[in-house]
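J.: One file is attached below, structure.tsv, containing TSV, C-alpha atoms.
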```tsv
chain	number	residue	atom	x	y	z
A	44	MET	CA	65.40	32.46	-89.27
A	45	ILE	CA	61.70	32.43	-88.27
A	46	GLY	CA	61.01	29.78	-90.91
A	47	LEU	CA	63.71	27.54	-89.43
A	48	LEU	CA	62.24	27.93	-85.94
A	49	LEU	CA	58.76	27.08	-87.24
A	50	GLN	CA	60.12	23.99	-88.99
A	51	LEU	CA	61.90	22.85	-85.81
A	52	ALA	CA	58.72	23.40	-83.77
A	53	LEU	CA	56.71	21.42	-86.31
A	54	VAL	CA	59.21	18.54	-86.28
A	55	PHE	CA	59.13	18.54	-82.47
A	56	LEU	CA	55.31	18.41	-82.38
A	57	VAL	CA	55.14	15.60	-84.94
A	58	ALA	CA	57.80	13.61	-83.06
A	59	ARG	CA	55.94	14.10	-79.80
A	60	LEU	CA	52.62	12.96	-81.33
A	61	ILE	CA	54.28	9.85	-82.75
A	62	TRP	CA	55.93	9.10	-79.40
A	63	THR	CA	52.60	9.51	-77.55
A	64	TRP	CA	50.82	7.29	-80.06
A	65	TRP	CA	53.55	4.64	-79.75
A	66	GLN	CA	53.38	4.71	-75.94
A	67	ARG	CA	49.59	4.37	-75.93
A	68	ARG	CA	49.67	1.64	-78.58
A	69	ASN	CA	52.08	-0.50	-76.56
A	70	ALA	CA	50.40	0.07	-73.19
A	71	PRO	CA	47.96	-2.56	-71.90
A	72	ALA	CA	44.32	-1.59	-72.24
A	73	TYR	CA	42.68	-0.98	-68.89
A	74	ALA	CA	39.21	0.17	-68.13
A	75	GLY	CA	38.75	3.88	-67.73
A	76	PRO	CA	38.97	4.00	-63.97
A	77	SER	CA	42.23	2.14	-64.02
A	78	LEU	CA	43.68	5.13	-65.81
A	79	LEU	CA	43.54	6.64	-62.33
A	80	ARG	CA	45.91	4.07	-60.89
A	81	GLY	CA	48.12	5.54	-58.24
A	82	PHE	CA	45.51	8.00	-56.98
A	83	ALA	CA	44.33	7.34	-53.46
A	84	PRO	CA	42.48	10.49	-52.41
A	85	ASP	CA	40.66	9.14	-49.37
A	86	GLN	CA	42.95	6.38	-48.22
A	87	PRO	CA	44.51	7.21	-44.86
A	88	GLY	CA	47.35	5.47	-43.12
A	89	PRO	CA	49.92	3.13	-44.59
A	90	GLY	CA	49.66	1.61	-48.05
A	91	PRO	CA	46.97	-0.96	-48.82
A	92	MET	CA	49.31	-3.95	-48.80
A	93	SER	CA	50.52	-3.42	-45.23
A	94	GLY	CA	48.52	-6.38	-44.01
A	95	GLY	CA	45.15	-6.78	-42.40
A	96	SER	CA	46.15	-5.92	-38.86
A	97	GLY	CA	44.60	-2.48	-38.93
A	98	GLY	CA	47.39	-1.39	-36.59
A	99	GLY	CA	48.36	2.21	-36.25
A	100	SER	CA	47.13	5.19	-34.38
A	101	GLY	CA	43.34	5.34	-34.29
A	102	ARG	CA	42.93	2.26	-36.49
A	103	SER	CA	41.09	-0.89	-35.54
A	104	PRO	CA	40.37	-3.98	-37.65
A	105	VAL	CA	36.97	-4.51	-39.29
A	106	THR	CA	35.35	-7.87	-39.99
A	107	LEU	CA	33.55	-8.06	-43.31
A	108	GLU	CA	30.58	-10.24	-44.23
A	109	LYS	CA	29.70	-12.01	-47.50
A	110	ALA	CA	27.30	-9.14	-48.29
A	111	ASP	CA	30.26	-6.71	-48.21
A	112	PHE	CA	32.18	-8.77	-50.77
A	113	ASP	CA	29.07	-9.10	-52.95
A	114	GLY	CA	28.76	-5.31	-52.75
A	115	PHE	CA	32.37	-4.82	-53.86
A	116	GLU	CA	31.81	-7.09	-56.86
A	117	SER	CA	28.62	-5.25	-57.73
A	118	LEU	CA	30.34	-1.85	-57.44
A	119	LEU	CA	33.12	-3.01	-59.76
A	120	GLY	CA	30.64	-3.73	-62.55
A	121	GLU	CA	28.44	-0.71	-61.87
A	122	ILE	CA	31.35	1.75	-61.78
A	123	GLN	CA	33.00	0.37	-64.92
A	124	THR	CA	29.65	0.39	-66.75
A	125	ALA	CA	28.85	3.95	-65.60
A	126	TYR	CA	32.30	5.11	-66.70
A	127	GLY	CA	31.87	3.52	-70.14
A	128	ALA	CA	28.47	5.24	-70.46
A	129	GLU	CA	29.97	8.57	-69.27
A	130	ASP	CA	27.27	8.65	-66.56
A	131	LEU	CA	28.60	10.99	-63.87
A	132	GLY	CA	25.33	10.75	-61.93
A	133	ALA	CA	25.76	6.98	-61.53
A	134	LEU	CA	29.42	7.48	-60.59
A	135	ARG	CA	28.45	10.05	-57.92
A	136	ALA	CA	26.18	7.45	-56.31
A	137	ARG	CA	29.01	4.89	-56.13
A	138	ALA	CA	32.22	6.84	-55.50
A	139	THR	CA	33.54	9.58	-53.25
A	140	PRO	CA	33.53	13.16	-54.57
A	141	GLU	CA	37.32	13.01	-55.03
A	142	MET	CA	37.10	9.91	-57.23
A	143	VAL	CA	34.21	11.41	-59.20
A	144	SER	CA	36.36	14.47	-59.93
A	145	TYR	CA	39.11	12.20	-61.31
A	146	PHE	CA	36.55	10.37	-63.45
A	147	ALA	CA	35.12	13.69	-64.68
A	148	ASP	CA	38.59	14.98	-65.62
A	149	ASP	CA	39.33	11.74	-67.46
A	150	LEU	CA	36.01	11.87	-69.34
A	151	ALA	CA	36.61	15.51	-70.25
A	152	GLY	CA	40.04	14.57	-71.63
A	153	ASN	CA	38.42	11.87	-73.76
A	154	ALA	CA	35.82	14.36	-75.01
A	155	SER	CA	38.52	16.84	-76.01
A	156	ARG	CA	40.24	14.07	-77.99
A	157	GLY	CA	36.91	13.23	-79.65
A	158	VAL	CA	36.72	9.70	-78.25
A	159	VAL	CA	34.57	7.68	-75.85
A	160	ASN	CA	36.06	4.93	-73.69
A	161	ARG	CA	33.60	2.03	-73.98
A	162	VAL	CA	33.72	-0.54	-71.18
A	163	SER	CA	31.57	-3.66	-71.14
A	164	ASP	CA	31.36	-7.32	-70.12
A	165	VAL	CA	32.99	-6.67	-66.72
A	166	LYS	CA	33.41	-9.88	-64.74
A	167	LEU	CA	35.27	-10.32	-61.46
A	168	LEU	CA	37.67	-13.25	-61.76
A	169	GLN	CA	39.25	-13.03	-58.31
A	170	GLY	CA	38.96	-10.72	-55.33
A	171	ASP	CA	41.19	-10.87	-52.26
A	172	LEU	CA	40.84	-8.69	-49.19
A	173	SER	CA	44.09	-6.87	-48.52
A	174	GLU	CA	42.94	-5.15	-45.34
A	175	ALA	CA	39.90	-3.71	-43.62
A	176	TRP	CA	40.02	-1.13	-40.85
A	177	ARG	CA	38.08	1.54	-39.02
A	178	GLU	CA	39.13	5.08	-38.17
A	179	GLY	CA	36.55	6.74	-35.97
A	180	ASP	CA	33.16	6.17	-37.59
A	181	VAL	CA	34.59	5.51	-41.07
A	182	GLU	CA	35.34	1.98	-42.28
A	183	TYR	CA	37.74	1.15	-45.11
A	184	ALA	CA	38.41	-2.01	-47.12
A	185	THR	CA	41.08	-2.56	-49.76
A	186	VAL	CA	40.45	-5.42	-52.17
A	187	ALA	CA	42.80	-6.77	-54.84
A	188	MET	CA	40.55	-7.30	-57.85
A	189	ARG	CA	41.40	-9.23	-60.98
A	190	TYR	CA	38.69	-8.83	-63.56
A	191	ALA	CA	37.93	-9.33	-67.25
A	192	LEU	CA	36.39	-6.66	-69.45
A	193	LYS	CA	36.12	-5.26	-72.94
A	194	ASP	CA	37.83	-1.88	-73.02
A	195	PHE	CA	38.21	0.20	-76.17
A	196	TYR	CA	37.91	3.73	-77.51
A	197	VAL	CA	35.53	4.80	-80.26
A	198	ASP	CA	35.39	7.98	-82.27
A	199	ARG	CA	32.71	10.19	-80.74
A	200	THR	CA	31.26	11.11	-84.14
A	201	SER	CA	31.52	7.97	-86.26
A	202	GLY	CA	31.48	5.28	-83.55
A	203	ARG	CA	34.48	3.64	-85.24
A	204	VAL	CA	36.93	1.83	-82.92
A	205	VAL	CA	40.13	3.91	-82.79
A	206	GLU	CA	41.99	2.21	-79.94
A	207	GLY	CA	41.75	-1.15	-78.23
A	208	ASP	CA	39.72	-4.17	-79.30
A	209	ASP	CA	35.94	-4.37	-79.12
A	210	ALA	CA	35.89	-8.08	-79.96
A	211	HIS	CA	38.20	-9.50	-77.29
A	212	THR	CA	38.18	-9.44	-73.53
A	213	GLY	CA	41.23	-8.25	-71.60
A	214	GLU	CA	42.17	-8.44	-67.92
A	215	ALA	CA	43.12	-5.87	-65.31
A	216	THR	CA	44.34	-6.27	-61.73
A	217	GLU	CA	44.00	-3.35	-59.34
A	218	LEU	CA	43.59	-2.49	-55.68
A	219	TRP	CA	40.23	-0.85	-55.05
A	220	THR	CA	39.73	0.87	-51.70
A	221	PHE	CA	36.18	1.37	-50.47
A	222	ARG	CA	34.93	3.48	-47.58
A	223	ARG	CA	31.67	3.86	-45.71
A	224	ASP	CA	30.34	5.63	-42.70
A	225	ARG	CA	29.45	3.04	-40.08
A	226	GLY	CA	26.17	1.46	-41.17
A	227	GLY	CA	26.22	3.21	-44.57
A	228	HIS	CA	26.87	2.03	-48.13
A	229	TRP	CA	30.33	1.35	-49.54
A	230	LEU	CA	31.75	3.94	-51.96
A	231	LEU	CA	34.88	3.67	-54.09
A	232	SER	CA	37.55	5.95	-52.66
A	233	ALA	CA	40.77	4.89	-54.44
A	234	ILE	CA	42.16	2.77	-57.28
A	235	GLN	CA	45.78	1.65	-57.40
A	236	GLN	CA	47.61	-0.56	-59.85
A	237	THR	CA	49.09	-3.68	-58.29
```
Could the structure of this file be written out as C-alpha cells, please?
T.:
Amino acid sequence: MIGLLLQLALVFLVARLIWTWWQRRNAPAYAGPSLLRGFAPDQPGPGPMSGGSGGGSGRSPVTLEKADFDGFESLLGEIQTAYGAEDLGALRARATPEMVSYFADDLAGNASRGVVNRVSDVKLLQGDLSEAWREGDVEYATVAMRYALKDFYVDRTSGRVVEGDDAHTGEATELWTFRRDRGGHWLLSAIQQT
C-alpha cells in the first residue's frame, strides 16, 4: 500500500513539473521586473488608467516636464539592467522599498532554481502618460511603456541559456508608476501589465 502511495505521489510530482515547464515555455518572455505585474504596493487611489484628471479626495493633478519623461526612460533602462545584474544596491537607489522587496524575492527564487535572469539591450519604443497626480507632498506618475529588450535565463553554474532567447529582442508593454517627494527624485513604486 505504501509503495502505491509513493508511486502516485511521484506521478503527481512529475506531472506537475511537466505542466509548470509547459506553462513557462508558452508564456511570453518579459524582463524580470515584469514578473511582478499586478503588484502596486505604493499606488494609492483608483487604478492607473482612470484618466489624468487627478480627481478624488486629496488628489490634485501634476504637470510633468520633459526632464521627468527623460528620467522615466532612464529609470526603465537602469532598473532592468540592475535586475539582470542582480544588483540590489542599484535597485534600492531607483525603487521604493516595497518594490525592492519584490525584486529581492524574485531574485532569490531564481537563485534557488539555479538560474540568472539576464536582461540587456533595453530600449523604450513608446511611452504615454496615463496620469500624474499629487497627494499631500508626494507626486505620482503612471506611464504606459512599450519597450524592447533581450530577456533570457542562464544556468548559474555553466552560463548556458536554459530559457528564452539571448539572440533576439522581444517586447513588453507595462504600466510603470513612479513616485517622488516634492522636489525629490522619481522612484519606481509599481509595475502592472497592460
J.: Up to 12 Å from (40.7, -3.1, -50.4) in the file's coordinates: name the residues, counting all atoms listed in the file, as a PyMOL selection string.
T.: chain A and resi 83+86+90-95+105+107+111-112+115-116+170-176+182-188+217-222+229-237
J.: I need the residues from that last selection saved to file as an mmCIF file, keeping the file's coordinate frame (with C-alpha atoms), if you can.
T.:
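Full text of again39.cif as output:
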```
data_model
loop_
_atom_site.group_PDB
_atom_site.id
_atom_site.type_symbol
_atom_site.label_atom_id
_atom_site.label_comp_id
_atom_site.auth_asym_id
_atom_site.auth_seq_id
_atom_site.Cartn_x
_atom_site.Cartn_y
_atom_site.Cartn_z
ATOM 1 C CA ALA A 83 44.330 7.340 -53.460
ATOM 2 C CA GLN A 86 42.950 6.380 -48.220
ATOM 3 C CA GLY A 90 49.660 1.610 -48.050
ATOM 4 C CA PRO A 91 46.970 -0.960 -48.820
ATOM 5 C CA MET A 92 49.310 -3.950 -48.800
ATOM 6 C CA SER A 93 50.520 -3.420 -45.230
ATOM 7 C CA GLY A 94 48.520 -6.380 -44.010
ATOM 8 C CA GLY A 95 45.150 -6.780 -42.400
ATOM 9 C CA VAL A 105 36.970 -4.510 -39.290
ATOM 10 C CA LEU A 107 33.550 -8.060 -43.310
ATOM 11 C CA ASP A 111 30.260 -6.710 -48.210
ATOM 12 C CA PHE A 112 32.180 -8.770 -50.770
ATOM 13 C CA PHE A 115 32.370 -4.820 -53.860
ATOM 14 C CA GLU A 116 31.810 -7.090 -56.860
ATOM 15 C CA GLY A 170 38.960 -10.720 -55.330
ATOM 16 C CA ASP A 171 41.190 -10.870 -52.260
ATOM 17 C CA LEU A 172 40.840 -8.690 -49.190
ATOM 18 C CA SER A 173 44.090 -6.870 -48.520
ATOM 19 C CA GLU A 174 42.940 -5.150 -45.340
ATOM 20 C CA ALA A 175 39.900 -3.710 -43.620
ATOM 21 C CA TRP A 176 40.020 -1.130 -40.850
ATOM 22 C CA GLU A 182 35.340 1.980 -42.280
ATOM 23 C CA TYR A 183 37.740 1.150 -45.110
ATOM 24 C CA ALA A 184 38.410 -2.010 -47.120
ATOM 25 C CA THR A 185 41.080 -2.560 -49.760
ATOM 26 C CA VAL A 186 40.450 -5.420 -52.170
ATOM 27 C CA ALA A 187 42.800 -6.770 -54.840
ATOM 28 C CA MET A 188 40.550 -7.300 -57.850
ATOM 29 C CA GLU A 217 44.000 -3.350 -59.340
ATOM 30 C CA LEU A 218 43.590 -2.490 -55.680
ATOM 31 C CA TRP A 219 40.230 -0.850 -55.050
ATOM 32 C CA THR A 220 39.730 0.870 -51.700
ATOM 33 C CA PHE A 221 36.180 1.370 -50.470
ATOM 34 C CA ARG A 222 34.930 3.480 -47.580
ATOM 35 C CA TRP A 229 30.330 1.350 -49.540
ATOM 36 C CA LEU A 230 31.750 3.940 -51.960
ATOM 37 C CA LEU A 231 34.880 3.670 -54.090
ATOM 38 C CA SER A 232 37.550 5.950 -52.660
ATOM 39 C CA ALA A 233 40.770 4.890 -54.440
ATOM 40 C CA ILE A 234 42.160 2.770 -57.280
ATOM 41 C CA GLN A 235 45.780 1.650 -57.400
ATOM 42 C CA GLN A 236 47.610 -0.560 -59.850
ATOM 43 C CA THR A 237 49.090 -3.680 -58.290
#
```
J.: As JSON, what would the box around segment 143-154 of chain A look like: edges along x, y and z, 6 Å added on every side, centre and edge lengths in Å to one decimal?
T.:
```
{"center_x": 37.1, "center_y": 12.9, "center_z": -67.1, "size_x": 17.8, "size_y": 17.1, "size_z": 27.8}
```
J.: Applying 10 Å and all atoms listed in the file, which residues near Gly120 of chain A remain after dropping the ones on its own chain fewer than 2 positions away? List them as a PyMOL selection string.
T.: chain A and resi 115-118+122-126+162-167+190+192
J.: Could those selected residues go to a file with C-alpha atoms, as a compact mmCIF listing (two decimals), keeping the file's coordinate frame?
T.:
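Result saved to part14.txt:
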```
# COMPACT_ATOMS: atom_id res chain seq x y z
CA PHE A 115 32.37 -4.82 -53.86
CA GLU A 116 31.81 -7.09 -56.86
CA SER A 117 28.62 -5.25 -57.73
CA LEU A 118 30.34 -1.85 -57.44
CA ILE A 122 31.35 1.75 -61.78
CA GLN A 123 33.00 0.37 -64.92
CA THR A 124 29.65 0.39 -66.75
CA ALA A 125 28.85 3.95 -65.60
CA TYR A 126 32.30 5.11 -66.70
CA VAL A 162 33.72 -0.54 -71.18
CA SER A 163 31.57 -3.66 -71.14
CA ASP A 164 31.36 -7.32 -70.12
CA VAL A 165 32.99 -6.67 -66.72
CA LYS A 166 33.41 -9.88 -64.74
CA LEU A 167 35.27 -10.32 -61.46
CA TYR A 190 38.69 -8.83 -63.56
CA LEU A 192 36.39 -6.66 -69.45
```
J.: Just the number, please: distance in Å from atom CA of Val143 of chain A to atom CA of His228 of chain A, one decimal.
T.: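 Taking atom CA of Val143 of chain A and atom CA of His228 of chain A, their separation equals 16.3 Å.
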J.: Quick one, how far is atom CA of Glu206 of chain A from atom CA of Ala128 of chain A?
T.: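 Computing it gives 16.8 Å between the two atoms.
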J.: Figure out the distance between atom CA of Ala191 of chain A and atom CA of Val159 of chain A, please, to one decimal in Å.
T.: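 Going from atom CA of Val159 of chain A over to atom CA of Ala191 of chain A covers 19.4 Å.
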J.: With distances taken over all atoms listed in the file, which of A:Ile61, A:Leu49, A:Val158, A:Val54 is nearest to Val204 of chain A?
T.: A:Val158
J.: Ranking A:Met142, A:Val181, A:Ala133, A:Ala52 by minimum distance to Ser103 of chain A and counting all atoms listed in the file, which one comes first?
T.: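 Using all atoms listed in the file, the shortest distance to Ser103 of chain A belongs to A:Val181.
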